[in-house]
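Below is one structure, written out as C-alpha cells; the observations come after it.
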Amino acid sequence: MERTKIYFVSDAHFGVDSGLTSKSRENLFIEWLDTIKDDALELYLLGDIFDFWFEYTYVVPRGFVSVLAKLRELSNAGVKIKYFTGNHDMWVFDYLPKEIGAELHTVPEEREIGGKILYIAHGDGLGKYDRKYNMMKWMFHNKFFQFMFKWIHPDWGCRLALWCSHRSRLKHDLPETPDYEKEFLVMYSREVLEKKHVDYFIFGHRHIPYQYALNDKALFTNIGDWLFNFSYAVFDGENVKLLKYQNEK
C-alpha cells in the first residue's frame, strides 16, 4: 500500500488515569497505530502525549514502553514522525526523539503540501490571550529553571509535576459546544490570516474535537484528545478530516 496520508494526534496525557486507565488508553493508541501504519506517510504527535515528561541526565519517567516501541516500529517502517512539545511535555529534549526516531518541534510549523498551506502547532501560548501562562511558559523554557528542577529528586519531581498537572485540569471547564468565535485559537488563526494565506490550521491543546470554517478557503481543526474522545485528524493531500477511533473488538 502506498504511503500518502498524514495523521495528527494530540493530548493523550499518558500517565494519568482519566475516564479509562492510562494503560487502557495506551493499548487503544497502539491499536490505532496499527491501523495507520501501512498508509501513513507522516505522523504528527501534537503535544501532551504524556501528562508529564522530564528528561534528567540519566532518568526518564517510567512506563510507556509499549507505546514507544510501537512508534519506533512505525519509524523503522518508513513513517516520518514529528513530535511537537505541548504544555505538559515541554521538557522533551533528545531522549524521546532518538528512541522513537522522531523530529522534535518546539514552535509552530508552516508547510506547503500539494499546493495546500498547513499551519500546525500544539496550541498553547499562541497569541496575546493568556499572558500569565506565557510568562510561566517562558520560565519553563528557561535553561536556568530547567537546571534547578534537575536538582529535585526524580521521585519528588515527578510527583510534584503530576499534582500540578491534575490541579491544572480541574481549572479547565471545557464546553461541549464552544462559542467558536471566542475560542482563543480561532482568534489567533484569524490574526494569522490577516498576514498570510493558510488552507488548514491544525491544533491540539483544547481537547475539543471540532472543525470550523474561518472563511471560504481556510478550515480550522482542533484534534481533540485521547482522554475521552479518541479523536485524530488525517490529511489526504487535499482535505483534512477529523475522525474518531472506534475499537471494534
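Note on naming: chains are A, B, ... as they come in the C-alpha cells, residues start from 1 per chain, ligands start from 1 in the order shown.
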
Residues at most 10 Å from Asp38 (chain A), counting only C-alpha atoms, excluding those fewer than 4 positions away in the same chain, as a list in words?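 Answer for this query is Met1, Glu2, Arg3, Thr4, Lys5, Leu33, Asp34, Leu74, Ala77, Gly78 and Val79 of chain A.
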
Those residues you just picked out, can you put them in a file as a tab-separated table (two decimals), in the first residue's frame with N, CA and C atoms?
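Result file is result36.tsv:
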```
chain	number	residue	atom	x	y	z
A	1	MET	N	0.84	-1.19	0.00
A	1	MET	CA	0.00	0.00	0.00
A	1	MET	C	0.88	1.24	0.00
A	2	GLU	N	0.52	2.19	-0.86
A	2	GLU	CA	1.31	3.41	-0.96
A	2	GLU	C	1.06	4.32	0.24
A	3	ARG	N	2.13	4.88	0.76
A	3	ARG	CA	2.01	5.79	1.90
A	3	ARG	C	1.71	7.20	1.38
A	4	THR	N	0.51	7.69	1.67
A	4	THR	CA	0.10	9.00	1.16
A	4	THR	C	-0.52	9.90	2.22
A	5	LYS	N	-0.89	9.36	3.37
A	5	LYS	CA	-1.67	10.13	4.34
A	5	LYS	C	-0.79	10.66	5.48
A	33	LEU	N	-2.46	2.91	16.03
A	33	LEU	CA	-1.22	3.00	15.26
A	33	LEU	C	-1.10	1.83	14.29
A	34	ASP	N	-1.57	0.66	14.69
A	34	ASP	CA	-1.53	-0.49	13.78
A	34	ASP	C	-2.44	-0.27	12.57
A	74	LEU	N	6.89	2.04	13.69
A	74	LEU	CA	6.42	2.83	12.56
A	74	LEU	C	7.56	3.62	11.93
A	77	ALA	N	9.63	1.50	9.84
A	77	ALA	CA	8.92	1.08	8.63
A	77	ALA	C	8.86	2.20	7.59
A	78	GLY	N	9.34	3.39	7.94
A	78	GLY	CA	9.38	4.48	6.98
A	78	GLY	C	8.43	5.62	7.24
A	79	VAL	N	7.67	5.56	8.35
A	79	VAL	CA	6.77	6.65	8.70
A	79	VAL	C	7.58	7.77	9.36
```

Residues within 12 Å of Gly127 (chain A), please, as a list in words. Count only C-alpha atoms; anything in the same chain fewer than 6 positions from it doesn't count.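 The filter keeps Tyr133, Asn134, Glu183, Phe184, Leu185, Val186, Met187, Tyr188, Ser189, Arg190, Glu191 and Val192 of chain A.
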
Please report as a Markdown table every residue of region 70-95 of chain A lying within 9 Å of region 41-50 of chain A, along with the nearest atom pair and their distance in Å (one decimal), using only C-alpha atoms.
```
| residue | atom | partner | partner_atom | distance |
| --- | --- | --- | --- | --- |
| A:Gly78 | CA | A:Leu41 | CA | 7.5 |
| A:Val79 | CA | A:Glu42 | CA | 5.3 |
| A:Lys80 | CA | A:Glu42 | CA | 4.5 |
| A:Ile81 | CA | A:Leu43 | CA | 4.8 |
| A:Lys82 | CA | A:Tyr44 | CA | 4.9 |
| A:Tyr83 | CA | A:Leu45 | CA | 4.8 |
| A:Phe84 | CA | A:Leu46 | CA | 4.9 |
| A:Thr85 | CA | A:Gly47 | CA | 4.7 |
| A:Gly86 | CA | A:Gly47 | CA | 4.0 |
| A:Asn87 | CA | A:Asp48 | CA | 6.5 |
| A:His88 | CA | A:Asp48 | CA | 5.2 |
| A:Asp89 | CA | A:Asp48 | CA | 5.4 |
| A:Met90 | CA | A:Gly47 | CA | 8.1 |
```

Residues flagged strand (DSSP E) by DSSP in region 41-161 of chain A, as a PDB file with C-alpha atoms, in the first residue's frame:
```
ATOM      1  CA  LEU A  41       3.478   8.851   5.243  1.00  0.00           C
ATOM      2  CA  GLU A  42       3.890  11.034   8.345  1.00  0.00           C
ATOM      3  CA  LEU A  43       2.598  11.066  11.912  1.00  0.00           C
ATOM      4  CA  TYR A  44       2.350  14.303  13.878  1.00  0.00           C
ATOM      5  CA  LEU A  45       2.315  13.918  17.663  1.00  0.00           C
ATOM      6  CA  LYS A  80       8.202  10.096   9.415  1.00  0.00           C
ATOM      7  CA  ILE A  81       7.267  11.074  12.988  1.00  0.00           C
ATOM      8  CA  LYS A  82       7.182  14.671  14.174  1.00  0.00           C
ATOM      9  CA  TYR A  83       6.941  15.317  17.902  1.00  0.00           C
ATOM     10  CA  PHE A  84       5.626  18.743  18.968  1.00  0.00           C
ATOM     11  CA  ALA A 102      11.209  11.497  15.659  1.00  0.00           C
ATOM     12  CA  GLU A 103      11.871  15.054  14.581  1.00  0.00           C
ATOM     13  CA  LEU A 104      11.384  17.455  17.501  1.00  0.00           C
ATOM     14  CA  HIS A 105       9.421  20.703  17.145  1.00  0.00           C
ATOM     15  CA  GLU A 109       5.271  24.712  11.660  1.00  0.00           C
ATOM     16  CA  GLU A 110       4.009  26.012   8.329  1.00  0.00           C
ATOM     17  CA  ARG A 111       4.114  23.603   5.407  1.00  0.00           C
ATOM     18  CA  GLU A 112       3.027  23.547   1.805  1.00  0.00           C
ATOM     19  CA  ILE A 113       1.906  20.101   0.711  1.00  0.00           C
ATOM     20  CA  LYS A 116      -2.108  23.404   0.350  1.00  0.00           C
ATOM     21  CA  ILE A 117      -0.703  25.515   3.198  1.00  0.00           C
ATOM     22  CA  LEU A 118      -0.900  23.892   6.628  1.00  0.00           C
ATOM     23  CA  TYR A 119      -0.293  25.707   9.929  1.00  0.00           C
ATOM     24  CA  ILE A 120       0.455  23.125  12.619  1.00  0.00           C
ATOM     25  CA  ALA A 121       1.044  23.541  16.370  1.00  0.00           C
TER      26      ALA A 121
END
```

Point-to-point distance in Å for CA of Ser24 (chain A) and CA of Arg206 (chain A):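 A separation of 22.0 Å between them.
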
Quick one: residues within 10 Å of Asn215 (chain A), only C-alpha atoms counted, chain neighbours fewer than 2 positions away excluded, as a list in words? Arg190, Leu193, Asp199, Tyr212, Ala213, Lys217, Ala218, Leu219 and Phe220 of chain A

For the selection you just gave me, I'd like the residues written to a file as a PDB file, in the first residue's frame, keeping C-alpha atoms.
```pdb
ATOM      1  CA  ARG A 190      -7.778  34.882  12.234  1.00  0.00           C
ATOM      2  CA  LEU A 193      -4.935  35.013   8.123  1.00  0.00           C
ATOM      3  CA  ASP A 199      -5.677  26.490   3.975  1.00  0.00           C
ATOM      4  CA  TYR A 212     -14.713  25.364  11.842  1.00  0.00           C
ATOM      5  CA  ALA A 213     -14.627  27.308   8.587  1.00  0.00           C
ATOM      6  CA  LYS A 217     -10.859  28.824   1.965  1.00  0.00           C
ATOM      7  CA  ALA A 218      -9.434  28.318   5.485  1.00  0.00           C
ATOM      8  CA  LEU A 219     -10.514  25.465   7.760  1.00  0.00           C
ATOM      9  CA  PHE A 220      -9.695  25.281  11.479  1.00  0.00           C
TER      10      PHE A 220
END
```

Which is closest to Asn229 (chain A) among A:Val65, A:Leu214, A:Leu28, A:Ile208, if we use only C-alpha atoms?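 Of the candidates, the smallest distance to Asn229 (chain A) is held by A:Ile208.
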
So, counting only C-alpha atoms, which residue among A:His122, A:Arg159, A:Lys128, A:Lys98 is closest to Trp53 (chain A)?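 Closest to Trp53 (chain A), using only C-alpha atoms: A:Arg159.
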
With region 234-248 of chain A as the partner and 8 Å as the cut-off, tabulate the residues of region 7-111 of chain A that qualify, each row holding the nearest pair of atoms and their distance in Å to one decimal, using only C-alpha atoms, sorted by chain and rising number, as a Markdown table.
```
| residue | atom | partner | partner_atom | distance |
| --- | --- | --- | --- | --- |
| A:Tyr7 | CA | A:Val234 | CA | 4.5 |
| A:Phe8 | CA | A:Val234 | CA | 6.2 |
| A:Leu28 | CA | A:Asn247 | CA | 7.5 |
| A:Trp32 | CA | A:Tyr245 | CA | 6.9 |
```

Which parts of region 51-247 of chain A does DSSP call helix (DSSP H, G or I) when run on the backbone here, written out as a ChimeraX atom specification? /A:65-76,95-100,131-141,143-149,154-170,180-182,184-193

Closest to Val67 (chain A) among A:Ala40, A:Val92, A:Asn27, A:Glu55, using only C-alpha atoms? A:Asn27

Two-atom distance - CA of Leu227 (chain A), CA of His205 (chain A) (Å): 12.0 Å
